[in-house]
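Comments concern the structure below.
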Amino acid sequence: MDRWIHPLLRPFGLSNGPRHKAGNGRKPAFLSVETLECREVLSNYAFLPNRWPTKTRLTYSLPSDGVYWFKSTNVMQASLDNALGANWRTTVAEAVYQWSSVSDLDIAQVPDGAFAGDYYVSPAASAPFGDIRIGGYDFANSQILASTFGPPPDGWSRAGDISVNVGVNWNLGSNIDLRTVILHEVGHSLGLDHPSDTQSIMYESYQGVRPTLAAGDIAGIQALYGARRDDSYTLAGIGVSAANPISLAAPALGERATALGGIELAAAGAADYFRIDVPEGFVGTSLKMTVSANAISMLSPALSLVGADGSTIRSASAAGQWGSTVTIDLGPVLAGQSFVFKVNSAESNRFAIGGYRVQADFAGGQVPQPTPPAPTPEPTPVTPPPVVIVPPVTPPAPVTPPQTTPVTPPVTTPTVPKRFRPLRKLPAPIRAPVNKPKPVVKTPAIKKPVTAPVAAKPKTSLSALAKVLLAKK
Ligand SMILES: [Zn+2]
C-alpha cells in the first residue's frame with residue numbers, strides 16, 4: 001500500500017508493481033482453472049487505495065508530444081499516428097466512454113498543451129489539462145504495455161495519468177489491441193485494481209482483444225461511483241415527451257440568452273424535450289438553439305425541432321464526434337411563439353450517454369432593456385436657488401437662513417424624480433435633467449418672501465442684492 005501513498009519517491013515503472021501494468025501476454029503459470037473459479041466468487045473486481053473524491057465529473061486530455069513525460073519525453077501522438085492513423089483518438093475516447101456510460105461519472109475530453117508530466121498543481125486546483133492525461137514513450141521493455149497512476153493523492157497532479165509504451169506493436173482490433181489496454185488503464189485511473197477474475201478487463205495480464213467491459217468491471221466502477229442516475233427532471237417525469245417539455249426560462253431583461261445545465265441522457269436511446277417561448281419585447285430577433293456536451297461529457301448530442309406530436313421538423317447532429325456541440329438556427333421569430341426541441345444522441349453504441357447543457361440565443365433585433373438606474377444628483381441643484389431668494393428678507397445675516405430653508409426643498413424633491421421615472425423608459429433619458437430645474441423654480445421658498453414676483457428672476461435679484469450690499473457699505 002505504501003507504494004501508492006508515496007509514488008513520487010520511487011522510480012516509475014517496475015517498482016510500481018504489477019497492479020497498474022498490463023503484461024504482454026503473460027499468464028501466471030501458478031493459476032489453475034480450479035483456483036480461478038474459486039477466486040472469481042471472491043473477487044471479480046478490486047479497488048486501489050483511493051478513488052476520485054466528491055466528483056461526478058472528470059476530464060482527460062492528450063498532452064502534446066515533446067513534453068517531459070515521467071522518465072522520458074512524450075511521443076505518443078506521433079507514434080500512434082504513424083502506426084494506426086489519426087483514428088486511435090476515437091478508440092481512446094470510446095474506451096473512456098465505456099467506463100463513464102456505466103457509472104454516474106461523466107468524463108469529458110479537454111484541451112492539453114506543453115505541460116510536463118510532472119507539472120505540479122495541487123489536486124484541488126484547476127489544472128490547464130485533464131484530470132487523466134494519456135501520454136507515452138518507449139519503455140524499452142515489451143513486457144509492459146502501459147502503466148498508470150491511481151486516483152489522487154497518488155502522483156499528485158499525475159494522479160490518474162496513463163503512460164502508453166510506444167515500443168509495443170499496437171493495433172486496433174487485433175493484438176496488441178490499443179482499446180483493450182486503454183480500457184484496462186482507465187480502470188486504474190478511476191481506482192480499480194486487478195481482480196482474480198480472468199474475464200475482467202482489469203485482470204493483470206493482457207489476454208487478447210477485449211473490446212468491452214466485463215460484468216465484474218461494471219460492478220466495480222458502480223461500487224466506486226454509483227450506477228448512472230438520471231437528472232432531476234427526468235426522474236420527476238418532466239421533459240420526457242413533446243407534450244411535457246422542460247420549460248426554459250426567458251432571458252433576463254437586457255440579455256439575449258438563457259441556458260440550462262445539469263441535465264443528461266442516462267441511457268442509450270433516451271431523449272429530453274425542451275420548450276422555449278419568445279418573450280414579449282423581442283422585436284425582429286432570431287432564435288438559435290444549442291445543445292452542447294463540450295467539457296461536460298462524452299455525449300454526441302443530436303438536436304431536433306419537433307411538432308406538438310413529437311414529429312421532427314428540423315434536426316442537426318454530429319455523429320462520430322464526442323463532447324460535441326450542435327445548433328439549430330430558426331431565423332426570425334415573433335414574441336409569443338413557442339418552440340419544442342428534442343435532445344437525444346446521434347449515436348447508440350458509443351457517446352450516447354452523458355451530461356449536456358442547452359442554450360437559447362435570441363440574436364439580432366431588439367431586446368427588452370431593464371430600466372436604467374436613476375441618477376440621483378437632484379438634491380444639489382435644488383439648494384442654490386433658495387439661497388438667492390432668502391437674503392433680501394434678512395440682509396444683515398444672509399448665511400443662517402439659507403441653512404434652514406434648504407432643508408425643506410429636499411424633502412419635497414424626492415417626489416419629483418419619481419414622477420419622471422416612467423419617462424426615462426423612453427429612449428431619450430437625457431431630457432430628464434432639463435425638466436428638473438422647473439420644479440426647483442417653484443420651490444416653497446417663494447411663499448416666505450410673499451413678494452413672489454421678485455423671486456421669478458433670481459439673476460436680477462442677485463444683482464439687486466449686490467447693489468444693495470454695495471450701497472450699504
Ligand atoms: Zn493493470
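Letters A, B, ... go to the chains of the C-alpha cells in the order shown; residues in each chain start at 1; ligands are counted from 1 in the same order.
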* Counting only C-alpha atoms and all ligand atoms, which protein, DNA or RNA residues come within 12 Å of ligand 1, given as a PyMOL selection string? -> chain A and resi 16-24+46-48+144-150+162-163+180-196+200-206
Taking 2 positions as the minimum chain separation for residues in the same chain, which residues sit within 9 Å of Val102 of chain A when counting only C-alpha atoms? Answer as a compact mmCIF listing (two decimals) with C-alpha atoms, in the first residue's frame.
```txt
# COMPACT_ATOMS: atom_id res chain seq x y z
CA TYR A 97 -16.75 6.49 -22.64
CA GLN A 98 -17.34 2.84 -21.71
CA TRP A 99 -16.40 3.48 -18.08
CA SER A 100 -18.39 6.70 -17.99
CA ASP A 104 -22.52 8.06 -12.55
CA LEU A 105 -19.31 9.66 -13.74
CA ILE A 218 -19.12 -2.68 -14.33
CA ILE A 221 -16.93 1.01 -11.13
CA GLN A 222 -20.50 1.25 -9.90
CA GLY A 226 -22.62 4.56 -8.30
CA ALA A 227 -24.76 3.48 -11.21
CA ARG A 228 -25.76 6.25 -13.58
CA ILE A 353 -24.93 8.75 -22.62
```
* Quick one: pull the distance between atom CA of Pro332 of chain A and atom CA of Thr285 of chain A, Å, one decimal. =>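 Result for atom CA of Pro332 of chain A versus atom CA of Thr285 of chain A: 5.5 Å, one decimal.
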* Asked: Which residue out of A:Ser101, A:Ala318, A:Trp69, A:Gly336 has the minimum interatomic distance to Asp277 of chain A when only C-alpha atoms are used?
  ->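 Closest to Asp277 of chain A, using only C-alpha atoms: A:Gly336.
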* Separation of atom CA of Leu58 of chain A from atom CA of Pro152 of chain A in Å ->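 Atom CA of Leu58 of chain A lies at a distance of 12.3 Å from atom CA of Pro152 of chain A.
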* Report as a count of residues only: the residues of segment 26-193 of chain A with a DSSP assignment of strand (DSSP E), based on the backbone of this structure. => 32
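All residues of segment 182-313 of chain A that DSSP, run on the backbone, classes as alpha helix (DSSP H) are Ile182, Leu183, His184, Glu185, Val186, Gly187, His188, Ser189, Leu190, Ala215, Gly216, Asp217, Ile218, Ala219, Gly220, Ile221, Gln222, Ala223, Leu224, Tyr225, Ser232, Tyr233, Thr234 and Leu235 of chain A.
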Create the file for the chosen residues now, containing N, CA and C atoms and written as a PDB file, in the first residue's frame.
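Everything below was put into selection_32.pdb:
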```
ATOM      1  N   ILE A 182      -6.157   0.453 -23.156  1.00  0.00           N
ATOM      2  CA  ILE A 182      -6.644   1.736 -22.628  1.00  0.00           C
ATOM      3  C   ILE A 182      -7.815   1.500 -21.666  1.00  0.00           C
ATOM      4  N   LEU A 183      -8.698   0.584 -22.003  1.00  0.00           N
ATOM      5  CA  LEU A 183      -9.792   0.234 -21.089  1.00  0.00           C
ATOM      6  C   LEU A 183      -9.235  -0.168 -19.721  1.00  0.00           C
ATOM      7  N   HIS A 184      -8.222  -1.061 -19.760  1.00  0.00           N
ATOM      8  CA  HIS A 184      -7.607  -1.539 -18.517  1.00  0.00           C
ATOM      9  C   HIS A 184      -6.989  -0.375 -17.737  1.00  0.00           C
ATOM     10  N   GLU A 185      -6.241   0.478 -18.413  1.00  0.00           N
ATOM     11  CA  GLU A 185      -5.519   1.556 -17.721  1.00  0.00           C
ATOM     12  C   GLU A 185      -6.485   2.618 -17.181  1.00  0.00           C
ATOM     13  N   VAL A 186      -7.529   2.935 -17.932  1.00  0.00           N
ATOM     14  CA  VAL A 186      -8.505   3.913 -17.434  1.00  0.00           C
ATOM     15  C   VAL A 186      -9.190   3.365 -16.178  1.00  0.00           C
ATOM     16  N   GLY A 187      -9.381   2.053 -16.123  1.00  0.00           N
ATOM     17  CA  GLY A 187      -9.914   1.435 -14.907  1.00  0.00           C
ATOM     18  C   GLY A 187      -9.028   1.734 -13.704  1.00  0.00           C
ATOM     19  N   HIS A 188      -7.697   1.670 -13.903  1.00  0.00           N
ATOM     20  CA  HIS A 188      -6.767   2.053 -12.831  1.00  0.00           C
ATOM     21  C   HIS A 188      -6.900   3.536 -12.517  1.00  0.00           C
ATOM     22  N   SER A 189      -7.005   4.367 -13.564  1.00  0.00           N
ATOM     23  CA  SER A 189      -7.117   5.818 -13.351  1.00  0.00           C
ATOM     24  C   SER A 189      -8.286   6.141 -12.440  1.00  0.00           C
ATOM     25  N   LEU A 190      -9.337   5.323 -12.537  1.00  0.00           N
ATOM     26  CA  LEU A 190     -10.553   5.598 -11.778  1.00  0.00           C
ATOM     27  C   LEU A 190     -10.557   4.919 -10.410  1.00  0.00           C
ATOM     28  N   ALA A 215     -18.769  -8.011 -16.654  1.00  0.00           N
ATOM     29  CA  ALA A 215     -19.738  -7.729 -15.585  1.00  0.00           C
ATOM     30  C   ALA A 215     -19.038  -7.271 -14.311  1.00  0.00           C
ATOM     31  N   GLY A 216     -17.897  -7.884 -14.010  1.00  0.00           N
ATOM     32  CA  GLY A 216     -17.167  -7.520 -12.793  1.00  0.00           C
ATOM     33  C   GLY A 216     -16.625  -6.096 -12.867  1.00  0.00           C
ATOM     34  N   ASP A 217     -16.191  -5.684 -14.069  1.00  0.00           N
ATOM     35  CA  ASP A 217     -15.687  -4.316 -14.237  1.00  0.00           C
ATOM     36  C   ASP A 217     -16.799  -3.300 -13.969  1.00  0.00           C
ATOM     37  N   ILE A 218     -17.980  -3.592 -14.502  1.00  0.00           N
ATOM     38  CA  ILE A 218     -19.120  -2.678 -14.325  1.00  0.00           C
ATOM     39  C   ILE A 218     -19.523  -2.635 -12.852  1.00  0.00           C
ATOM     40  N   ALA A 219     -19.553  -3.820 -12.218  1.00  0.00           N
ATOM     41  CA  ALA A 219     -19.899  -3.850 -10.791  1.00  0.00           C
ATOM     42  C   ALA A 219     -18.878  -3.062  -9.983  1.00  0.00           C
ATOM     43  N   GLY A 220     -17.620  -3.155 -10.373  1.00  0.00           N
ATOM     44  CA  GLY A 220     -16.568  -2.455  -9.641  1.00  0.00           C
ATOM     45  C   GLY A 220     -16.676  -0.947  -9.753  1.00  0.00           C
ATOM     46  N   ILE A 221     -16.873  -0.443 -10.957  1.00  0.00           N
ATOM     47  CA  ILE A 221     -16.932   1.011 -11.132  1.00  0.00           C
ATOM     48  C   ILE A 221     -18.200   1.575 -10.497  1.00  0.00           C
ATOM     49  N   GLN A 222     -19.266   0.781 -10.535  1.00  0.00           N
ATOM     50  CA  GLN A 222     -20.503   1.245  -9.896  1.00  0.00           C
ATOM     51  C   GLN A 222     -20.382   1.224  -8.371  1.00  0.00           C
ATOM     52  N   ALA A 223     -19.568   0.305  -7.861  1.00  0.00           N
ATOM     53  CA  ALA A 223     -19.344   0.295  -6.419  1.00  0.00           C
ATOM     54  C   ALA A 223     -18.574   1.542  -5.985  1.00  0.00           C
ATOM     55  N   LEU A 224     -17.755   2.066  -6.878  1.00  0.00           N
ATOM     56  CA  LEU A 224     -16.976   3.262  -6.550  1.00  0.00           C
ATOM     57  C   LEU A 224     -17.766   4.552  -6.734  1.00  0.00           C
ATOM     58  N   TYR A 225     -18.495   4.666  -7.840  1.00  0.00           N
ATOM     59  CA  TYR A 225     -19.123   5.958  -8.185  1.00  0.00           C
ATOM     60  C   TYR A 225     -20.641   5.875  -8.356  1.00  0.00           C
ATOM     61  N   SER A 232     -32.728  15.343 -12.468  1.00  0.00           N
ATOM     62  CA  SER A 232     -33.918  15.511 -11.623  1.00  0.00           C
ATOM     63  C   SER A 232     -35.180  15.713 -12.451  1.00  0.00           C
ATOM     64  N   TYR A 233     -35.032  16.279 -13.650  1.00  0.00           N
ATOM     65  CA  TYR A 233     -36.216  16.497 -14.498  1.00  0.00           C
ATOM     66  C   TYR A 233     -36.812  15.156 -14.934  1.00  0.00           C
ATOM     67  N   THR A 234     -35.935  14.331 -15.503  1.00  0.00           N
ATOM     68  CA  THR A 234     -36.422  13.045 -15.988  1.00  0.00           C
ATOM     69  C   THR A 234     -36.974  12.205 -14.838  1.00  0.00           C
ATOM     70  N   LEU A 235     -36.279  12.251 -13.695  1.00  0.00           N
ATOM     71  CA  LEU A 235     -36.748  11.481 -12.546  1.00  0.00           C
ATOM     72  C   LEU A 235     -38.124  11.947 -12.089  1.00  0.00           C
TER      73      LEU A 235
END
```
